[in-house]
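As provided, upload.tsv (TSV, C-alpha atoms) reads as follows.
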```tsv
chain	number	residue	atom	x	y	z
A	1	MET	CA	-18.09	22.34	-67.70
A	2	GLU	CA	-20.62	19.57	-67.12
A	3	LEU	CA	-20.11	18.07	-63.67
A	4	LYS	CA	-20.58	14.32	-63.58
A	5	ALA	CA	-20.81	12.53	-60.26
A	6	PHE	CA	-18.31	9.83	-59.37
A	7	GLU	CA	-19.91	6.39	-59.34
A	8	ASN	CA	-18.05	5.51	-56.13
A	9	ARG	CA	-17.61	8.17	-53.47
A	10	ILE	CA	-14.20	9.85	-53.36
A	11	TRP	CA	-13.31	10.19	-49.70
A	12	LEU	CA	-11.21	12.71	-47.85
A	13	SER	CA	-9.20	9.95	-46.14
A	14	SER	CA	-10.67	6.55	-45.40
A	15	PRO	CA	-9.08	3.38	-44.00
A	16	THR	CA	-7.08	1.17	-46.37
A	17	MET	CA	-6.93	-2.44	-45.25
A	18	HIS	CA	-4.41	-5.04	-46.42
A	19	GLY	CA	-5.29	-8.41	-44.84
A	20	GLU	CA	-2.72	-8.79	-42.08
A	21	GLU	CA	-5.05	-6.80	-39.81
A	22	LEU	CA	-7.63	-9.58	-39.92
A	23	ALA	CA	-5.01	-12.23	-39.18
A	24	TYR	CA	-3.87	-10.43	-36.02
A	25	MET	CA	-7.48	-9.88	-34.94
A	26	GLN	CA	-8.05	-13.60	-35.46
A	27	GLU	CA	-4.96	-14.29	-33.33
A	28	ALA	CA	-6.51	-12.29	-30.50
A	29	TYR	CA	-9.75	-14.26	-30.89
A	30	ASP	CA	-8.04	-17.66	-31.04
A	31	SER	CA	-5.87	-16.92	-28.01
A	32	ASN	CA	-8.91	-15.50	-26.16
A	33	TRP	CA	-7.02	-12.28	-25.36
A	34	MET	CA	-9.90	-9.97	-26.29
A	35	SER	CA	-9.46	-7.33	-23.59
A	36	THR	CA	-6.64	-4.89	-22.74
A	37	ILE	CA	-3.80	-7.41	-22.44
A	38	GLY	CA	-2.21	-9.41	-25.23
A	39	ALA	CA	0.51	-9.91	-27.80
A	40	ASN	CA	-0.87	-7.34	-30.25
A	41	ILE	CA	-0.70	-4.56	-27.66
A	42	ASN	CA	2.82	-5.55	-26.66
A	43	GLU	CA	3.93	-5.62	-30.29
A	44	ILE	CA	2.54	-2.24	-31.36
A	45	GLU	CA	4.10	-0.62	-28.29
A	46	ARG	CA	7.42	-2.20	-29.27
A	47	ILE	CA	7.07	-1.06	-32.89
A	48	SER	CA	6.17	2.48	-31.81
A	49	VAL	CA	9.24	2.70	-29.58
A	50	GLU	CA	11.43	1.42	-32.41
A	51	ARG	CA	9.91	3.64	-35.10
A	52	LEU	CA	9.80	6.87	-33.12
A	53	HIS	CA	13.05	6.32	-31.19
A	54	CYS	CA	11.47	6.92	-27.80
A	55	LYS	CA	11.87	4.77	-24.70
A	56	ASN	CA	8.25	4.07	-23.74
A	57	ALA	CA	4.93	3.72	-25.54
A	58	VAL	CA	1.51	3.08	-23.99
A	59	ALA	CA	-1.35	1.96	-26.25
A	60	LEU	CA	-4.62	3.71	-25.40
A	61	SER	CA	-8.19	3.78	-26.64
A	62	SER	CA	-7.83	7.01	-28.64
A	63	GLY	CA	-5.55	9.91	-29.41
A	64	THR	CA	-7.77	12.03	-27.18
A	65	SER	CA	-7.28	9.72	-24.20
A	66	ALA	CA	-3.53	9.84	-24.84
A	67	LEU	CA	-3.67	13.65	-24.81
A	68	HIS	CA	-5.66	13.55	-21.59
A	69	MET	CA	-3.00	11.38	-19.98
A	70	ALA	CA	-0.30	13.76	-21.23
A	71	VAL	CA	-2.12	16.71	-19.68
A	72	LYS	CA	-2.36	14.85	-16.36
A	73	LEU	CA	1.33	14.00	-16.52
A	74	ALA	CA	2.09	17.69	-17.08
A	75	GLY	CA	0.39	18.37	-13.76
A	76	ILE	CA	-2.33	20.70	-15.02
A	77	LYS	CA	-4.57	21.85	-12.18
A	78	PRO	CA	-7.79	23.91	-12.21
A	79	GLY	CA	-7.02	27.45	-13.30
A	80	ASP	CA	-3.63	26.64	-14.86
A	81	ARG	CA	-3.10	28.32	-18.23
A	82	VAL	CA	-1.96	26.09	-21.10
A	83	LEU	CA	-0.60	27.51	-24.37
A	84	CYS	CA	-2.24	25.62	-27.23
A	85	THR	CA	-2.16	25.51	-31.00
A	86	ASP	CA	-5.21	27.45	-32.16
A	87	MET	CA	-5.89	25.89	-35.57
A	88	THR	CA	-6.59	22.27	-34.72
A	89	PHE	CA	-9.34	19.78	-33.94
A	90	ALA	CA	-11.08	20.22	-30.59
A	91	ALA	CA	-9.54	16.98	-29.28
A	92	THR	CA	-6.23	18.81	-28.85
A	93	VAL	CA	-7.76	21.24	-26.38
A	94	ASN	CA	-10.60	19.37	-24.66
A	95	PRO	CA	-8.29	17.40	-22.31
A	96	VAL	CA	-7.00	20.70	-20.91
A	97	VAL	CA	-10.57	21.55	-19.94
A	98	TYR	CA	-11.14	18.04	-18.53
A	99	GLU	CA	-8.49	18.86	-15.93
A	100	GLY	CA	-9.83	22.35	-15.25
A	101	GLY	CA	-7.04	24.07	-17.17
A	102	VAL	CA	-7.54	27.27	-19.14
A	103	PRO	CA	-6.44	27.14	-22.79
A	104	VAL	CA	-4.65	30.16	-24.25
A	105	PHE	CA	-4.67	29.93	-28.03
A	106	VAL	CA	-1.55	30.75	-30.06
A	107	ASP	CA	-1.72	31.86	-33.70
A	108	SER	CA	0.03	30.08	-36.58
A	109	GLU	CA	2.56	31.16	-39.19
A	110	TYR	CA	2.27	30.82	-42.97
A	111	GLU	CA	5.37	28.65	-43.57
A	112	THR	CA	3.81	25.52	-42.05
A	113	TRP	CA	0.33	26.62	-40.83
A	114	ASN	CA	1.47	25.51	-37.36
A	115	MET	CA	2.08	27.32	-34.06
A	116	ASP	CA	4.09	30.49	-34.60
A	117	PRO	CA	7.20	30.53	-32.38
A	118	ALA	CA	7.06	34.33	-32.29
A	119	ALA	CA	3.46	34.23	-31.06
A	120	LEU	CA	4.44	31.54	-28.53
A	121	GLY	CA	7.19	33.80	-27.20
A	122	LYS	CA	4.66	36.62	-26.87
A	123	ALA	CA	2.25	34.25	-25.11
A	124	PHE	CA	4.87	33.50	-22.45
A	125	GLU	CA	5.40	37.23	-21.95
A	126	LEU	CA	1.67	37.68	-21.35
A	127	CYS	CA	1.26	34.41	-19.42
A	128	PRO	CA	4.54	33.93	-17.50
A	129	ASP	CA	2.84	31.43	-15.20
A	130	ALA	CA	2.11	29.01	-18.08
A	131	LYS	CA	4.09	25.78	-17.69
A	132	THR	CA	2.66	23.62	-20.49
A	133	VAL	CA	2.52	23.98	-24.29
A	134	ILE	CA	0.54	21.74	-26.65
A	135	ALA	CA	1.85	22.02	-30.22
A	136	VAL	CA	0.18	20.28	-33.17
A	137	ASP	CA	1.69	19.00	-36.44
A	138	LEU	CA	-1.17	20.07	-38.71
A	139	TYR	CA	-2.29	17.78	-41.55
A	140	GLY	CA	0.95	15.80	-41.30
A	141	VAL	CA	3.29	18.82	-41.58
A	142	PRO	CA	5.70	19.24	-38.66
A	143	ALA	CA	5.60	22.41	-36.62
A	144	LYS	CA	8.86	24.32	-36.08
A	145	LEU	CA	9.58	21.87	-33.31
A	146	ASP	CA	13.17	22.81	-32.49
A	147	GLU	CA	12.24	26.47	-32.02
A	148	ILE	CA	9.14	25.62	-30.02
A	149	ARG	CA	11.11	23.23	-27.82
A	150	ARG	CA	13.80	25.85	-27.18
A	151	ILE	CA	11.18	28.39	-26.13
A	152	CYS	CA	9.55	25.86	-23.81
A	153	ASP	CA	12.89	24.96	-22.25
A	154	SER	CA	13.78	28.61	-21.69
A	155	HIS	CA	10.56	29.04	-19.69
A	156	GLY	CA	10.75	25.72	-17.86
A	157	ALA	CA	7.59	24.54	-19.64
A	158	VAL	CA	6.53	21.02	-20.56
A	159	LEU	CA	6.02	20.44	-24.30
A	160	ILE	CA	3.28	18.05	-25.39
A	161	GLU	CA	3.57	17.24	-29.10
A	162	ASP	CA	0.21	16.39	-30.63
A	163	ALA	CA	1.44	14.28	-33.53
A	164	ALA	CA	-1.98	12.68	-34.06
A	165	GLU	CA	-1.87	13.62	-37.76
A	166	SER	CA	1.87	13.30	-38.41
A	167	LEU	CA	2.96	9.71	-37.74
A	168	GLY	CA	5.94	9.01	-40.00
A	169	ALA	CA	6.72	12.68	-40.70
A	170	LEU	CA	10.25	13.96	-40.08
A	171	TYR	CA	11.69	17.20	-38.72
A	172	ASN	CA	15.45	17.53	-39.20
A	173	GLY	CA	15.53	13.77	-39.73
A	174	LYS	CA	13.80	13.06	-36.43
A	175	GLN	CA	10.39	11.43	-36.17
A	176	CYS	CA	7.42	13.56	-35.24
A	177	GLY	CA	5.98	12.29	-31.99
A	178	SER	CA	9.36	12.39	-30.23
A	179	PHE	CA	10.00	16.10	-29.58
A	180	GLY	CA	7.90	16.64	-26.49
A	181	THR	CA	8.27	15.47	-22.93
A	182	TYR	CA	5.02	13.68	-23.75
A	183	ASN	CA	3.86	12.88	-27.28
A	184	VAL	CA	0.69	11.55	-28.84
A	185	ILE	CA	-0.19	9.75	-32.08
A	186	SER	CA	-3.61	8.64	-33.29
A	187	PHE	CA	-4.94	5.54	-35.04
A	188	ASN	CA	-8.39	6.99	-35.74
A	189	GLY	CA	-10.18	5.71	-38.84
A	190	ASN	CA	-9.04	8.55	-41.10
A	191	LYS	CA	-5.37	8.67	-40.07
A	192	ILE	CA	-2.30	7.59	-42.09
A	193	ILE	CA	-2.62	4.13	-40.52
A	194	THR	CA	-5.59	3.06	-38.43
A	195	GLY	CA	-6.95	0.67	-35.84
A	196	SER	CA	-10.46	2.06	-36.47
A	197	SER	CA	-9.72	3.85	-33.19
A	198	GLY	CA	-6.83	3.99	-30.75
A	199	GLY	CA	-3.88	6.16	-29.85
A	200	MET	CA	-0.45	6.02	-28.29
A	201	LEU	CA	1.32	8.03	-25.61
A	202	LEU	CA	5.10	8.21	-26.08
A	203	THR	CA	7.69	9.40	-23.60
A	204	ASP	CA	11.27	8.84	-22.53
A	205	ASP	CA	10.13	9.00	-18.90
A	206	GLU	CA	9.68	5.45	-17.63
A	207	ASP	CA	7.89	6.55	-14.44
A	208	ALA	CA	5.46	8.63	-16.49
A	209	ALA	CA	4.67	5.64	-18.72
A	210	ALA	CA	4.05	3.50	-15.63
A	211	LYS	CA	1.62	6.10	-14.28
A	212	VAL	CA	-0.32	6.09	-17.55
A	213	ARG	CA	-0.51	2.29	-17.56
A	214	LYS	CA	-2.03	2.48	-14.09
A	215	TRP	CA	-4.34	5.45	-14.68
A	216	SER	CA	-5.64	3.98	-17.96
A	217	THR	CA	-6.70	0.73	-16.25
A	218	GLN	CA	-8.87	2.41	-13.59
A	219	SER	CA	-5.90	3.04	-11.28
A	220	ARG	CA	-6.03	-0.41	-9.76
A	221	GLU	CA	-3.51	-0.89	-6.98
A	222	ASN	CA	-1.31	-3.95	-6.63
A	223	ALA	CA	-3.55	-5.72	-4.11
A	224	PRO	CA	-5.43	-9.06	-3.96
A	225	TRP	CA	-8.72	-7.15	-4.33
A	226	TYR	CA	-9.86	-4.14	-6.33
A	227	GLN	CA	-8.28	-1.24	-4.48
A	228	HIS	CA	-8.23	2.33	-5.76
A	229	GLU	CA	-6.31	5.22	-4.23
A	230	GLU	CA	-6.59	7.74	-7.09
A	231	LEU	CA	-8.90	8.50	-9.98
A	232	GLY	CA	-8.62	6.11	-12.91
A	233	TYR	CA	-9.88	5.80	-16.48
A	234	ASN	CA	-10.94	3.05	-18.86
A	235	TYR	CA	-8.44	4.17	-21.51
A	236	ARG	CA	-6.37	1.09	-22.40
A	237	MET	CA	-6.46	-0.15	-26.00
A	238	SER	CA	-8.06	-3.52	-26.63
A	239	ASN	CA	-5.94	-6.36	-27.99
A	240	VAL	CA	-8.38	-6.67	-30.92
A	241	ILE	CA	-7.95	-3.04	-32.00
A	242	ALA	CA	-4.21	-3.45	-31.48
A	243	GLY	CA	-4.35	-6.30	-34.00
A	244	VAL	CA	-5.63	-3.90	-36.66
A	245	VAL	CA	-2.88	-1.38	-35.83
A	246	ARG	CA	-0.27	-4.16	-35.88
A	247	GLY	CA	-1.34	-5.18	-39.36
A	248	GLN	CA	-1.27	-1.56	-40.56
A	249	PHE	CA	2.14	-0.57	-39.24
A	250	GLY	CA	4.04	-2.44	-41.94
A	251	TYR	CA	2.29	-0.30	-44.57
A	252	LEU	CA	3.03	3.10	-43.03
A	253	ASP	CA	5.78	3.99	-45.50
A	254	ASP	CA	3.66	2.78	-48.43
A	255	HIS	CA	0.78	4.97	-47.29
A	256	ILE	CA	3.07	7.98	-46.93
A	257	ALA	CA	4.47	7.43	-50.44
A	258	ARG	CA	0.94	7.24	-51.88
A	259	LYS	CA	-0.14	10.38	-50.00
A	260	LYS	CA	2.91	12.20	-51.37
A	261	GLU	CA	1.97	11.21	-54.93
A	262	ILE	CA	-1.49	12.69	-54.37
A	263	TYR	CA	-0.01	15.93	-52.99
A	264	LEU	CA	2.41	16.30	-55.92
A	265	ARG	CA	-0.29	15.54	-58.50
A	266	TYR	CA	-2.47	18.28	-57.04
A	267	LYS	CA	0.47	20.68	-56.99
A	268	GLU	CA	1.16	20.03	-60.67
A	269	GLY	CA	-2.53	20.21	-61.57
A	270	PHE	CA	-2.95	23.60	-59.91
A	271	LYS	CA	0.34	25.20	-60.99
A	272	ASP	CA	-1.38	27.82	-63.17
A	273	LEU	CA	-4.24	28.53	-60.74
A	274	PRO	CA	-4.17	31.29	-58.10
A	275	VAL	CA	-3.75	28.76	-55.28
A	276	THR	CA	-0.96	27.18	-53.24
A	277	MET	CA	-0.74	23.83	-51.46
A	278	ASN	CA	-0.33	23.48	-47.69
A	279	PRO	CA	3.35	24.40	-47.21
A	280	TYR	CA	6.36	22.95	-45.46
A	281	ILE	CA	10.04	23.85	-45.22
A	282	GLU	CA	11.69	21.52	-47.74
A	283	ASP	CA	15.23	21.41	-46.35
A	284	VAL	CA	14.00	20.75	-42.82
A	285	MET	CA	10.75	18.81	-43.05
A	286	GLU	CA	9.39	15.69	-44.67
A	287	PRO	CA	5.62	15.58	-44.05
A	288	ASN	CA	3.56	12.42	-44.16
A	289	TYR	CA	1.19	14.29	-46.54
A	290	TRP	CA	-1.84	13.01	-44.61
A	291	LEU	CA	-4.18	15.60	-46.13
A	292	SER	CA	-3.52	17.69	-49.21
A	293	CYS	CA	-4.88	21.21	-48.75
A	294	LEU	CA	-5.02	24.34	-50.86
A	295	LEU	CA	-5.07	28.04	-50.10
A	296	ILE	CA	-6.70	30.42	-52.56
A	297	ASP	CA	-4.79	33.64	-53.27
A	298	LYS	CA	-6.42	36.67	-51.65
A	299	GLU	CA	-7.03	38.44	-54.95
A	300	ALA	CA	-8.70	35.30	-56.37
A	301	MET	CA	-11.29	34.99	-53.60
A	302	CYS	CA	-14.89	35.63	-54.56
A	303	VAL	CA	-17.27	36.98	-51.93
A	304	GLN	CA	-17.86	34.34	-49.24
A	305	THR	CA	-19.98	34.64	-46.12
A	306	ARG	CA	-19.99	32.23	-43.21
A	307	SER	CA	-22.29	32.18	-40.21
A	308	GLY	CA	-22.16	29.75	-37.29
A	309	SER	CA	-23.24	26.75	-39.37
A	310	GLU	CA	-23.89	27.96	-42.92
A	311	ALA	CA	-21.88	29.36	-45.81
A	312	SER	CA	-22.77	31.28	-48.95
A	313	TYR	CA	-20.86	32.87	-51.81
A	314	ILE	CA	-21.27	34.98	-54.92
A	315	SER	CA	-19.86	33.25	-57.98
A	316	GLU	CA	-17.42	35.33	-60.02
A	317	TYR	CA	-15.50	34.38	-63.14
A	318	GLY	CA	-11.79	33.83	-62.47
A	319	LYS	CA	-12.36	33.70	-58.73
A	320	SER	CA	-13.59	31.10	-56.26
A	321	CYS	CA	-13.70	30.28	-52.55
A	322	PRO	CA	-13.68	27.15	-50.36
A	323	SER	CA	-17.49	27.18	-50.08
A	324	GLU	CA	-17.92	27.04	-53.86
A	325	ILE	CA	-15.30	24.33	-54.37
A	326	LEU	CA	-16.67	22.18	-51.54
A	327	GLU	CA	-20.18	22.53	-52.96
A	328	LYS	CA	-19.04	21.43	-56.43
A	329	LEU	CA	-17.11	18.47	-55.00
A	330	ALA	CA	-20.13	17.38	-52.96
A	331	LEU	CA	-22.36	17.55	-56.05
A	332	CYS	CA	-19.90	15.18	-57.75
A	333	ASN	CA	-19.87	12.71	-54.84
A	334	ALA	CA	-16.42	13.72	-53.58
A	335	GLU	CA	-15.54	14.73	-50.03
A	336	GLY	CA	-13.57	17.82	-49.10
A	337	ARG	CA	-13.59	19.83	-45.89
A	338	PRO	CA	-12.90	23.32	-44.64
A	339	ILE	CA	-9.67	23.90	-42.77
A	340	TRP	CA	-10.02	23.35	-39.00
A	341	LYS	CA	-11.97	26.28	-37.63
A	342	PRO	CA	-9.61	27.98	-35.16
A	343	MET	CA	-10.36	27.26	-31.52
A	344	HIS	CA	-10.58	30.94	-30.58
A	345	MET	CA	-13.47	31.27	-33.06
A	346	GLN	CA	-15.43	28.37	-31.55
A	347	PRO	CA	-18.51	29.31	-29.52
A	348	ILE	CA	-17.45	27.06	-26.65
A	349	PHE	CA	-14.22	29.08	-26.24
A	350	GLU	CA	-15.70	32.53	-26.77
A	351	GLY	CA	-13.75	35.06	-24.74
A	352	THR	CA	-10.70	32.81	-24.34
A	353	ASP	CA	-7.32	34.51	-24.73
A	354	PHE	CA	-5.82	34.38	-28.23
A	355	ILE	CA	-2.26	35.46	-28.94
A	356	THR	CA	-1.15	36.75	-32.34
A	357	VAL	CA	1.75	38.94	-33.40
A	358	GLY	CA	-0.35	41.61	-35.10
A	359	GLY	CA	-2.51	42.33	-38.11
A	360	VAL	CA	-5.15	39.89	-39.33
A	361	PRO	CA	-4.68	36.62	-37.42
A	362	VAL	CA	-3.03	34.05	-39.66
A	363	ASN	CA	-5.44	31.32	-38.57
A	364	GLU	CA	-8.52	33.35	-39.45
A	365	ASP	CA	-7.06	34.06	-42.90
A	366	ILE	CA	-6.17	30.43	-43.59
A	367	PHE	CA	-9.59	29.29	-42.39
A	368	ALA	CA	-11.26	31.76	-44.76
A	369	ARG	CA	-9.19	30.86	-47.83
A	370	GLY	CA	-8.18	27.23	-47.25
A	371	MET	CA	-9.70	23.78	-47.64
A	372	CYS	CA	-8.81	20.09	-47.43
A	373	LEU	CA	-8.89	18.10	-50.67
A	374	PRO	CA	-9.85	14.47	-51.27
A	375	SER	CA	-6.68	12.63	-50.18
A	376	ASP	CA	-7.74	9.01	-50.05
A	377	ILE	CA	-5.00	6.62	-51.15
A	378	LYS	CA	-7.55	4.38	-52.89
A	379	MET	CA	-8.39	7.24	-55.26
A	380	THR	CA	-7.00	6.43	-58.71
A	381	SER	CA	-4.92	8.92	-60.69
A	382	ASP	CA	-7.78	9.26	-63.19
A	383	GLU	CA	-10.21	10.02	-60.38
A	384	GLN	CA	-7.84	12.60	-58.96
A	385	GLU	CA	-7.50	14.23	-62.37
A	386	ARG	CA	-11.28	14.58	-62.42
A	387	VAL	CA	-11.17	16.18	-58.96
A	388	ILE	CA	-8.57	18.61	-60.30
A	389	ASP	CA	-10.81	19.41	-63.28
A	390	ILE	CA	-13.78	20.08	-60.98
A	391	ILE	CA	-11.70	22.52	-58.92
A	392	ARG	CA	-10.29	24.20	-62.02
A	393	SER	CA	-13.83	24.71	-63.31
A	394	CYS	CA	-14.60	26.85	-60.23
A	395	PHE	CA	-12.18	29.49	-61.53
```

Kindly return the structure encoded in the file as structure tokens.
Amino acid sequence: MELKAFENRIWLSSPTMHGEELAYMQEAYDSNWMSTIGANINEIERISVERLHCKNAVALSSGTSALHMAVKLAGIKPGDRVLCTDMTFAATVNPVVYEGGVPVFVDSEYETWNMDPAALGKAFELCPDAKTVIAVDLYGVPAKLDEIRRICDSHGAVLIEDAAESLGALYNGKQCGSFGTYNVISFNGNKIITGSSGGMLLTDDEDAAAKVRKWSTQSRENAPWYQHEELGYNYRMSNVIAGVVRGQFGYLDDHIARKKEIYLRYKEGFKDLPVTMNPYIEDVMEPNYWLSCLLIDKEAMCVQTRSGSEASYISEYGKSCPSEILEKLALCNAEGRPIWKPMHMQPIFEGTDFITVGGVPVNEDIFARGMCLPSDIKMTSDEQERVIDIIRSCF
């Protein structure tokens, strides 16, 4: 098959603007509320509380800063062990290290690619002193949140739900971002809705929300002068960024519907290939379909070799691998990505404890055989059909 490059780049997941964003940014400009106070901030906090059915929301400069505040609220001290999702972006784990905590990585399960409750239970057996769990909803698919929450409760542990990728997803009819004691969503440029940056901490604990409001504005005390009695951070969201988020929020359901169409079109297009899409439990979960991913069947994998920063493969008829598919997509001006490289495989965390329930770690297997597909909602159906053809040609 002759591979022809797309005239316009096909992105993994880029921002989609609608116009209201600019109006709310202009409102911030006209009212001269350009800093970390203003109507846009107040409104997106209100919308977040209403949408996610939590009691308090604090708008922050990024999802990472929100995770950092959640880790501080959990009381992590130097040397404390924290049980973390292993297959995720580094931002999930870095805040643990900021506070001197020690991450212990927990393997995933195949039904959702998220933290395995069985492995979490084993982790508590091996680390009975652990009092905090950070569970991720990967690529917009909810983790088994009820099971994870029950395990946390039985060990008196705080659950932090990293819902950075899963805004609008549902688990048993309940919004992701509301299962933990502290929860985090992200408005980064590639997320389901965006502010170009920004994040939100969500909690039912009013005192905890008040602490984050203080910590995130340099821990200023209520005094006539600048007085500081504890460490603070410059983490509050700006009213301008909040204007972008405010304009995006009304399109969340539209974006989810479009992402679902992309997922289903891929699923149909690959139905006779030796691959499966990133899974979820249909009767329990409704993802937001942020990124469509595929997993190549083991027997359909060609030889693939990966070093620290390079990949190679041996092409074989009827077989393929993520490295080959990503190479072909790149040649055609389309963006795909490998699955998140598990944290226990990262050089920075070499030697860190990793808990699995036996056999080949699930995360290592998914990383080897899986990849993220172009999932941009501005991609036309014809363009997606061409992406499907490119992938089919690899087999």

If I take atom CA of A:Phe270 and atom CA of A:Asn190, how far is one from the other in Å, to one decimal? 24.8 Å

Counting all atoms listed in the file, which of A:Asp283, A:Ala368, A:Cys332, A:Tyr171 gets nearest to A:Val303?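 That would be A:Ala368, the residue with the smallest distance to A:Val303.
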
Among A:Glu50, A:Gly195, A:His68, A:Tyr289, A:Glu165 is approached most closely, using only C-alpha atoms, by A:Tyr289

Of A:Lys328, A:Ala143, A:Ile148, A:Phe367, the one nearest to A:Ile388 when counting all atoms listed in the file is A:Lys328

Please determine the residues with any atom at most 10 Å from (-10.3, 17.2, -20.5) (coordinates as given in the file, with only C-alpha atoms counting) and report them as a ChimeraX atom specification. /A:64-65,67-69,71-72,91-101

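Counting all atoms listed in the file, the residue from A:Ser166, A:Ser393, A:Thr132, A:Thr203 that sits nearest to A:Leu329 is A:Ser393.
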
Rank A:Gly370, A:Gly168, A:Gly180, A:Gly121 by their smallest atom-to-atom distance to A:Cys54, using all atoms listed in the file, and report the top residue only.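 Among the listed residues, A:Gly180 lies closest to A:Cys54.
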
Would you please work out which residue, of A:Arg213, A:Arg9, A:Val102, A:Glu221, is nearest to A:Gly351 when using all atoms listed in the file?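 Under the stated criterion, the closest residue is A:Val102.
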
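Picture a line from atom CA of A:Ile185 to atom CA of A:Trp215; it runs 18.4 Å.
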
Show me the residues around (1.9, -3.1, -31.8) - criterion: an atom at most 6 Å away, all atoms listed in the file counted - as a list in words.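 Residues close enough to count: Asn40, Ile41, Asn42, Glu43, Ile44, Glu45, Ile47 and Arg246 of chain A.
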
Those same residues - C-alpha atoms - I'd like them written as a PDB file, in the coordinates of the input.
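Output below, filename part38.pdb:
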```pdb
ATOM      1  CA  ASN A  40      -0.870  -7.340 -30.250  1.00  0.00           C
ATOM      2  CA  ILE A  41      -0.700  -4.560 -27.660  1.00  0.00           C
ATOM      3  CA  ASN A  42       2.820  -5.550 -26.660  1.00  0.00           C
ATOM      4  CA  GLU A  43       3.930  -5.620 -30.290  1.00  0.00           C
ATOM      5  CA  ILE A  44       2.540  -2.240 -31.360  1.00  0.00           C
ATOM      6  CA  GLU A  45       4.100  -0.620 -28.290  1.00  0.00           C
ATOM      7  CA  ILE A  47       7.070  -1.060 -32.890  1.00  0.00           C
ATOM      8  CA  ARG A 246      -0.270  -4.160 -35.880  1.00  0.00           C
TER       9      ARG A 246
END
```

Atom CA of A:Val104 to atom CA of A:Leu138: how many Å, to one decimal?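 It comes out at 18.0 Å.
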
Would you please take stretch 227-256 of chain A of the structure in the block above and write C-alpha atoms to a file as a CSV table (one decimal), in the first residue's frame?
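For reference, part.csv as written:
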```
chain,number,residue,atom,x,y,z
A,227,GLN,CA,2.9,37.2,57.1
A,228,HIS,CA,3.9,33.6,56.5
A,229,GLU,CA,3.8,30.8,59.1
A,230,GLU,CA,4.1,27.8,56.8
A,231,LEU,CA,5.4,26.9,53.4
A,232,GLY,CA,3.3,28.1,50.5
A,233,TYR,CA,3.1,27.7,46.8
A,234,ASN,CA,2.2,29.8,43.7
A,235,TYR,CA,-0.4,27.3,42.6
A,236,ARG,CA,-3.6,29.2,42.1
A,237,MET,CA,-5.2,29.3,38.6
A,238,SER,CA,-5.3,32.7,36.9
A,239,ASN,CA,-8.7,34.2,36.1
A,240,VAL,CA,-7.6,34.4,32.4
A,241,ILE,CA,-6.9,30.6,32.2
A,242,ALA,CA,-10.2,30.1,34.1
A,243,GLY,CA,-12.0,31.9,31.3
A,244,VAL,CA,-10.8,29.3,28.8
A,245,VAL,CA,-11.9,26.5,31.1
A,246,ARG,CA,-15.3,28.2,31.6
A,247,GLY,CA,-15.9,28.5,27.9
A,248,GLN,CA,-14.9,24.8,27.4
A,249,PHE,CA,-17.1,23.3,30.2
A,250,GLY,CA,-20.3,23.6,28.2
A,251,TYR,CA,-18.8,21.4,25.5
A,252,LEU,CA,-17.7,18.6,27.7
A,253,ASP,CA,-20.5,16.2,26.8
A,254,ASP,CA,-20.1,17.1,23.1
A,255,HIS,CA,-16.4,16.3,23.3
A,256,ILE,CA,-17.1,13.0,25.0
```
